[in-house]
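Asks: The structure's right below; bear with me while I get my questions together.
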Amino acid sequence: MISGLVDRVTFHNEDNGFSVLKVQVKGQKEPVTLVGRVAQITAGEHVVAEGVWNIDRTHGRQFKAEMIRATPPDSPEGIEKFLGSGLVKGIGPVYAKKLVGHFGRDVLKIIDEQSARLQEVEGIGPTRRKAIKESWQEAKSVREIMTFLMSHGVSTARAFRIHKTYGEEAMVKVQADPYCLARDIRGIGFKTADEIASHFGFDKNSPLRARAGVEHMLAEISGQGHCACPRDELTRQSAELLDIDRQIVEDAILHGLAEKRLILEVQHADDPLIYLSALHRAETELADDLRKLLSAPFPFEPIPEDKALDWVQKQIKIDLAPAQRDAVATALRSKVMVITGGPGVGKTTIVNAIIRIFKARKLKVKLAAPTGRAAKRLSETTGEHAMTLHRLLVFDPATGGFKHNRSSPLKGEVFIIDEASMLDLHLAYQVIRALPANAVLLLVGDVDQLPSVGPGSVLRDVIESGSVPVCRLTEIFRQAQNSAIVMNAHRVNRGEFPVSGSQAHPGDFYIVPAETPEEVWSKIRGLLKGALQNKFGIDPRRDAQLLTPMQRGGLGARALNTEIQTLLNPRGDFVERFGTTFRVGDRVMQTLNNYDKDVFNGDMGRVVSIDPMERELWVDMAGHKVSYSFNELDELVLSYAITIHKSQGSEYPCVILPLHTQHYMMLQRNLLYTAITRGKRLVILVGNNKAIAMAVNRADTRHRIGCLKNRLSH
């Protein structure tokens, strides 16, 4: 056994607690290297460790601990180092020295019990005092939770979120129902919660475990895009996952149905479906609200179509093609309408014409899109203000929902939603229920792109239901015919192999052959290191976006981000959290909706500063500066490379697309089509012909299970 003061934390892995510490041990000239696991550790703390001495070939003599117990320091020197380590927000080395100088050994007790006295120290006012007190209390609670979780053999990286969700009741709640972690805490899955439950002695056949397992399986299925699951299939998959008898699963399903956490849908008597209650409600009410919208009166008197068309063509100085005239005319007489088609077919021209006509009639037109980038593009192409659907609906922190709903509908007569293929069931439900009854709704999107990331295929279901007029545009206009990007997108959509720029229209689409994953990365590296700038005048830091089919693997987004960060942004201030190093200048993406920060899943920005003392990182999200505490950095990922799914609704000056047979699980025609249509000035496909052919030839897009189409048809 050894004991002493932590002089320096050389390494600490927040996921599993593995630490390398330099400890001042009595009787030792130099600090001792201590290796072991501890939930959280800070320089200045006192540690007691049990274990054995070990000689490491690389690092020399070390004490390898089986157990490390940490306690707050009691010496002035230790306390100063402890407080100056950045553990407490608002206290860095300077204020640590001031506080210890003023209060001596009592400073930790003062912070804990008499925080008002902190204002006796020069430079500490009410705001800093409050921040210190709150950060101290949070650090104490989080540390207790981390220690508690580690004692049950699980990761401690999510302790901050557990504390944020459950507060002081965290440990009591987790002990009573460990499966609540999988339901409520981002980053903790069912498997982890199940391991914790096992440590607590929950039986494998426990009804609580079976009920949690069934709901987890439905959540996993909805993560694949489905809204429901056939009952027999749900029973089979849940029994396999849990390794329990099917009857226990059936009992769990019956309990969920009785509690109305699960809903049975018997539209197909031979194959009844099970829904999570929230998805069933969203689907049924979305269908009801769309039908009510269709049957409600118009917000305007009938508009003479021929006269309006002649007038608007003079206004926009364009002669509309017959299909475009039909689309505009249909919009003038429809309560709900869909306009769909690929790139270069004139969707933007039609939308601009419709807006002109309705605004000339003094109607209030609202434009929106699912993501910030899509809304920005809509603003740029129409010259009108557009916003994200989340901002249109206005989040209400008091209720956790949106301020605009059935009882408080949106203001306006005409609502145009672009990139409607991205609408998942949840978001579509929230939007439609917030529209005024007499509203006109125009859905614009490319139904051949990837479906929404969330559950449902709303745009496709609305189109295929036959319940609303649909204008499908196919004619590619002259200006778009000069773009190899547009031409190749349509080739892929027809099941034809794309053609490189040297053979077709040179300048904006290239296929760079590469056979092995190593060769793919080598070619991409060459592009980023100089070829993009030298040949095309494209700044790789600002204008190049890598799109890849998958997150995992050597050519997945995670691995590519690490490589590109090392290549393009290797130096500067950094912080490491949740297995990722974030550096000033890095391109990052938000991965979930955070209404408090007014940032949403898919928003991208750049790290502009890191403050170790305040434990904050700042990101510029398209002019909107957002602050993240170090404990919130699991909301961000590096975004030099992102998945094609995440790129939906966005457009980039240059798209680089690695495509290899190691991506075979994801290679589909609509995936390649979507990726190509994200490029504005240049698309470079790096890969082998076999992978490209697999993507082009596989159009067997999986049907998403749900009943929205049938509900609308009926």
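For the structure tokens, the naming scheme is as follows: chains receive sequential letters (A, B, ...) according to their order of presentation, residues are indexed from 1 within each chain, and ligands are indexed from 1 in presentation order.
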In stretch 330-490 of chain A, what's alpha helix (DSSP H) per DSSP? Answer as a ChimeraX atom specification?
Replies: /A:330-332,347-360,372-382,389-393,425-433,458-465,478-481,484-490
Asks: Need the shell around A:Phe82: protein/DNA/RNA residues with any atom at most 9 Å away, counting only C-alpha atoms. Skip same-chain ones fewer than 3 positions apart. Format as a PDB file with all heavy atoms, in the first residue's frame?
Replies:
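Now in result.pdb:
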ATOM      1  N   VAL A   6      -1.365  13.776  -4.902  1.00  0.00           N
ATOM      2  CA  VAL A   6      -1.282  13.727  -6.365  1.00  0.00           C
ATOM      3  C   VAL A   6      -0.609  15.006  -6.862  1.00  0.00           C
ATOM      4  O   VAL A   6      -1.143  16.100  -6.707  1.00  0.00           O
ATOM      5  CB  VAL A   6      -2.673  13.573  -7.014  1.00  0.00           C
ATOM      6  CG1 VAL A   6      -2.553  13.582  -8.544  1.00  0.00           C
ATOM      7  CG2 VAL A   6      -3.343  12.290  -6.548  1.00  0.00           C
ATOM      8  N   THR A  42      -7.958  14.588  -9.248  1.00  0.00           N
ATOM      9  CA  THR A  42      -7.468  15.934  -9.501  1.00  0.00           C
ATOM     10  C   THR A  42      -6.156  16.141  -8.766  1.00  0.00           C
ATOM     11  O   THR A  42      -5.980  15.638  -7.643  1.00  0.00           O
ATOM     12  CB  THR A  42      -8.503  16.973  -9.012  1.00  0.00           C
ATOM     13  OG1 THR A  42      -9.756  16.708  -9.641  1.00  0.00           O
ATOM     14  CG2 THR A  42      -8.067  18.383  -9.355  1.00  0.00           C
ATOM     15  N   ALA A  43      -5.251  16.881  -9.374  1.00  0.00           N
ATOM     16  CA  ALA A  43      -3.992  17.218  -8.703  1.00  0.00           C
ATOM     17  C   ALA A  43      -4.287  17.893  -7.371  1.00  0.00           C
ATOM     18  O   ALA A  43      -5.198  18.709  -7.256  1.00  0.00           O
ATOM     19  CB  ALA A  43      -3.166  18.141  -9.592  1.00  0.00           C
ATOM     20  N   GLY A  44      -3.512  17.524  -6.347  1.00  0.00           N
ATOM     21  CA  GLY A  44      -3.714  18.087  -5.014  1.00  0.00           C
ATOM     22  C   GLY A  44      -4.460  17.162  -4.077  1.00  0.00           C
ATOM     23  O   GLY A  44      -4.407  17.337  -2.853  1.00  0.00           O
ATOM     24  N   GLU A  45      -5.178  16.165  -4.610  1.00  0.00           N
ATOM     25  CA  GLU A  45      -5.911  15.240  -3.754  1.00  0.00           C
ATOM     26  C   GLU A  45      -4.955  14.247  -3.100  1.00  0.00           C
ATOM     27  O   GLU A  45      -3.871  13.968  -3.615  1.00  0.00           O
ATOM     28  CB  GLU A  45      -6.964  14.479  -4.565  1.00  0.00           C
ATOM     29  CG  GLU A  45      -8.148  15.327  -4.970  1.00  0.00           C
ATOM     30  CD  GLU A  45      -9.268  14.501  -5.572  1.00  0.00           C
ATOM     31  OE1 GLU A  45      -9.210  14.261  -6.789  1.00  0.00           O
ATOM     32  OE2 GLU A  45     -10.185  14.103  -4.832  1.00  0.00           O
ATOM     33  N   PRO A  72     -10.209  14.600  -0.432  1.00  0.00           N
ATOM     34  CA  PRO A  72      -9.770  15.978  -0.631  1.00  0.00           C
ATOM     35  C   PRO A  72      -8.502  16.264   0.175  1.00  0.00           C
ATOM     36  O   PRO A  72      -8.286  15.684   1.248  1.00  0.00           O
ATOM     37  CB  PRO A  72     -10.951  16.806  -0.117  1.00  0.00           C
ATOM     38  CG  PRO A  72     -12.127  15.889  -0.199  1.00  0.00           C
ATOM     39  CD  PRO A  72     -11.582  14.524   0.081  1.00  0.00           C
ATOM     40  N   PRO A  73      -7.650  17.128  -0.310  1.00  0.00           N
ATOM     41  CA  PRO A  73      -6.406  17.444   0.400  1.00  0.00           C
ATOM     42  C   PRO A  73      -6.675  18.231   1.673  1.00  0.00           C
ATOM     43  O   PRO A  73      -7.719  18.873   1.812  1.00  0.00           O
ATOM     44  CB  PRO A  73      -5.651  18.300  -0.622  1.00  0.00           C
ATOM     45  CG  PRO A  73      -6.728  18.920  -1.451  1.00  0.00           C
ATOM     46  CD  PRO A  73      -7.817  17.911  -1.537  1.00  0.00           C
ATOM     47  N   GLU A  77      -0.919  23.593   0.465  1.00  0.00           N
ATOM     48  CA  GLU A  77      -0.340  23.378  -0.867  1.00  0.00           C
ATOM     49  C   GLU A  77      -1.226  22.457  -1.709  1.00  0.00           C
ATOM     50  O   GLU A  77      -1.469  22.706  -2.896  1.00  0.00           O
ATOM     51  CB  GLU A  77       1.055  22.754  -0.749  1.00  0.00           C
ATOM     52  CG  GLU A  77       2.081  23.618  -0.033  1.00  0.00           C
ATOM     53  CD  GLU A  77       1.954  23.537   1.492  1.00  0.00           C
ATOM     54  OE1 GLU A  77       1.141  22.695   1.990  1.00  0.00           O
ATOM     55  OE2 GLU A  77       2.617  24.323   2.182  1.00  0.00           O
ATOM     56  N   GLY A  78      -1.707  21.379  -1.068  1.00  0.00           N
ATOM     57  CA  GLY A  78      -2.562  20.433  -1.785  1.00  0.00           C
ATOM     58  C   GLY A  78      -3.890  21.063  -2.183  1.00  0.00           C
ATOM     59  O   GLY A  78      -4.385  20.847  -3.296  1.00  0.00           O
ATOM     60  N   ILE A  79      -4.461  21.853  -1.283  1.00  0.00           N
ATOM     61  CA  ILE A  79      -5.746  22.504  -1.576  1.00  0.00           C
ATOM     62  C   ILE A  79      -5.591  23.490  -2.734  1.00  0.00           C
ATOM     63  O   ILE A  79      -6.442  23.562  -3.630  1.00  0.00           O
ATOM     64  CB  ILE A  79      -6.286  23.222  -0.316  1.00  0.00           C
ATOM     65  CG1 ILE A  79      -6.655  22.185   0.758  1.00  0.00           C
ATOM     66  CG2 ILE A  79      -7.501  24.071  -0.668  1.00  0.00           C
ATOM     67  CD1 ILE A  79      -6.992  22.787   2.102  1.00  0.00           C
ATOM     68  N   SER A  85      -6.820  23.248 -10.388  1.00  0.00           N
ATOM     69  CA  SER A  85      -6.743  22.259 -11.473  1.00  0.00           C
ATOM     70  C   SER A  85      -7.848  22.403 -12.508  1.00  0.00           C
ATOM     71  O   SER A  85      -7.837  21.730 -13.523  1.00  0.00           O
ATOM     72  CB  SER A  85      -6.826  20.851 -10.879  1.00  0.00           C
ATOM     73  OG  SER A  85      -8.108  20.655 -10.300  1.00  0.00           O
ATOM     74  N   GLY A  86      -8.832  23.285 -12.239  1.00  0.00           N
ATOM     75  CA  GLY A  86      -9.951  23.428 -13.174  1.00  0.00           C
ATOM     76  C   GLY A  86     -11.153  22.596 -12.793  1.00  0.00           C
ATOM     77  O   GLY A  86     -12.131  22.546 -13.535  1.00  0.00           O
ATOM     78  N   LEU A  87     -11.102  21.930 -11.623  1.00  0.00           N
ATOM     79  CA  LEU A  87     -12.233  21.119 -11.180  1.00  0.00           C
ATOM     80  C   LEU A  87     -13.481  21.978 -10.972  1.00  0.00           C
ATOM     81  O   LEU A  87     -14.585  21.583 -11.300  1.00  0.00           O
ATOM     82  CB  LEU A  87     -11.876  20.396  -9.875  1.00  0.00           C
ATOM     83  CG  LEU A  87     -13.016  19.640  -9.186  1.00  0.00           C
ATOM     84  CD1 LEU A  87     -13.353  18.388  -9.979  1.00  0.00           C
ATOM     85  CD2 LEU A  87     -12.652  19.283  -7.754  1.00  0.00           C
ATOM     86  N   ALA A  96      -7.246  30.270  -6.913  1.00  0.00           N
ATOM     87  CA  ALA A  96      -6.932  29.222  -5.931  1.00  0.00           C
ATOM     88  C   ALA A  96      -5.927  29.755  -4.916  1.00  0.00           C
ATOM     89  O   ALA A  96      -6.072  29.548  -3.702  1.00  0.00           O
ATOM     90  CB  ALA A  96      -6.382  27.985  -6.643  1.00  0.00           C
TER      91      ALA A  96
END
Asks: Would you please work out which residue, of A:Ile354, A:Leu712, A:Met337, A:Leu567, is nearest to A:Val468 when using only C-alpha atoms?
Replies: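 Once distances to A:Val468 are computed over only C-alpha atoms, the minimum belongs to A:Met337.
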Asks: Within 7 Å of A:Ala368, counting only C-alpha atoms, which residues show up once you throw out same-chain ones fewer than 2 positions away? Write them as a ChimeraX atom specification, please.
Replies: /A:366,375,386-389,416-418
Asks: Fewer than 2 positions away in the same chain doesn't count, so skip those; otherwise give me all residues within 12 Å of A:Ile274, counting only C-alpha atoms, as a VMD selection string.
Replies: chain A and resid 214 to 215 217 to 219 221 to 222 226 to 235 250 253 to 254 256 to 257 260 to 268 271 to 272 276 to 280 705 to 707
Asks: Run DSSP on the backbone and tell me which residues of stretch 289-450 of chain A come out as strand (DSSP E); list them as a PyMOL selection string.
Replies: chain A and resi 336-341+365-369+386-388+395-396+401-402+414-417+440-445
Asks: Determine, counting only C-alpha atoms, which protein, DNA and RNA residues have an atom within 10 Å of an atom of A:Asp288; residues of the same chain fewer than 6 positions away are not included. Present the result as JSON, numbers by chain.
Replies: {"A": [282, 432, 433, 711, 712]}
Asks: Take the selection from the previous step and output its residues with N, CA, C and O atoms, as a short mmCIF file (atom, residue, chain, number, x, y, z; two decimals), in the first residue's frame.
Replies:
data_model
loop_
_atom_site.label_atom_id
_atom_site.label_comp_id
_atom_site.auth_asym_id
_atom_site.auth_seq_id
_atom_site.Cartn_x
_atom_site.Cartn_y
_atom_site.Cartn_z
N ALA A 282 -48.43 9.92 -32.82
CA ALA A 282 -47.95 10.82 -33.87
C ALA A 282 -48.52 10.42 -35.23
O ALA A 282 -48.96 11.27 -36.00
N ILE A 432 -47.72 19.76 -38.54
CA ILE A 432 -49.09 19.77 -39.08
C ILE A 432 -50.10 20.16 -38.00
O ILE A 432 -51.06 20.89 -38.26
N ARG A 433 -49.88 19.71 -36.77
CA ARG A 433 -50.84 20.05 -35.70
C ARG A 433 -50.78 21.52 -35.33
O ARG A 433 -51.70 22.04 -34.67
N ARG A 711 -53.62 5.05 -43.57
CA ARG A 711 -54.50 5.98 -42.84
C ARG A 711 -54.93 7.13 -43.75
O ARG A 711 -56.09 7.57 -43.72
N LEU A 712 -53.98 7.65 -44.55
CA LEU A 712 -54.31 8.76 -45.45
C LEU A 712 -55.17 8.28 -46.61
O LEU A 712 -56.07 9.00 -47.06
#
Asks: One decimal, Å: what's the distance from atom CA of A:Pro658 over to atom CA of A:Leu547, could you say?
Replies: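 Atom-to-atom, atom CA of A:Pro658 and atom CA of A:Leu547 are spaced 7.2 Å apart.
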Asks: Taking 4 positions as the minimum chain separation for residues in the same chain, which residues sit within 9 Å of A:Val48 when counting only C-alpha atoms? Answer as a count of residues only.
Replies: 9
Asks: So that I can see what lies close to stretch 599-610 of chain A, please list as a PyMOL selection string the residues with an atom at most 9 Å from it, counting only C-alpha atoms and leaving out residues fewer than 5 positions away in the same chain.
Replies: chain A and resi 371-373+390+573-575+582-594+615-626+639+646-647
Asks: Between atom CA of A:Gln648 and atom CA of A:Tyr275, what is the distance, to one decimal in Å?
Replies: 26.8 Å
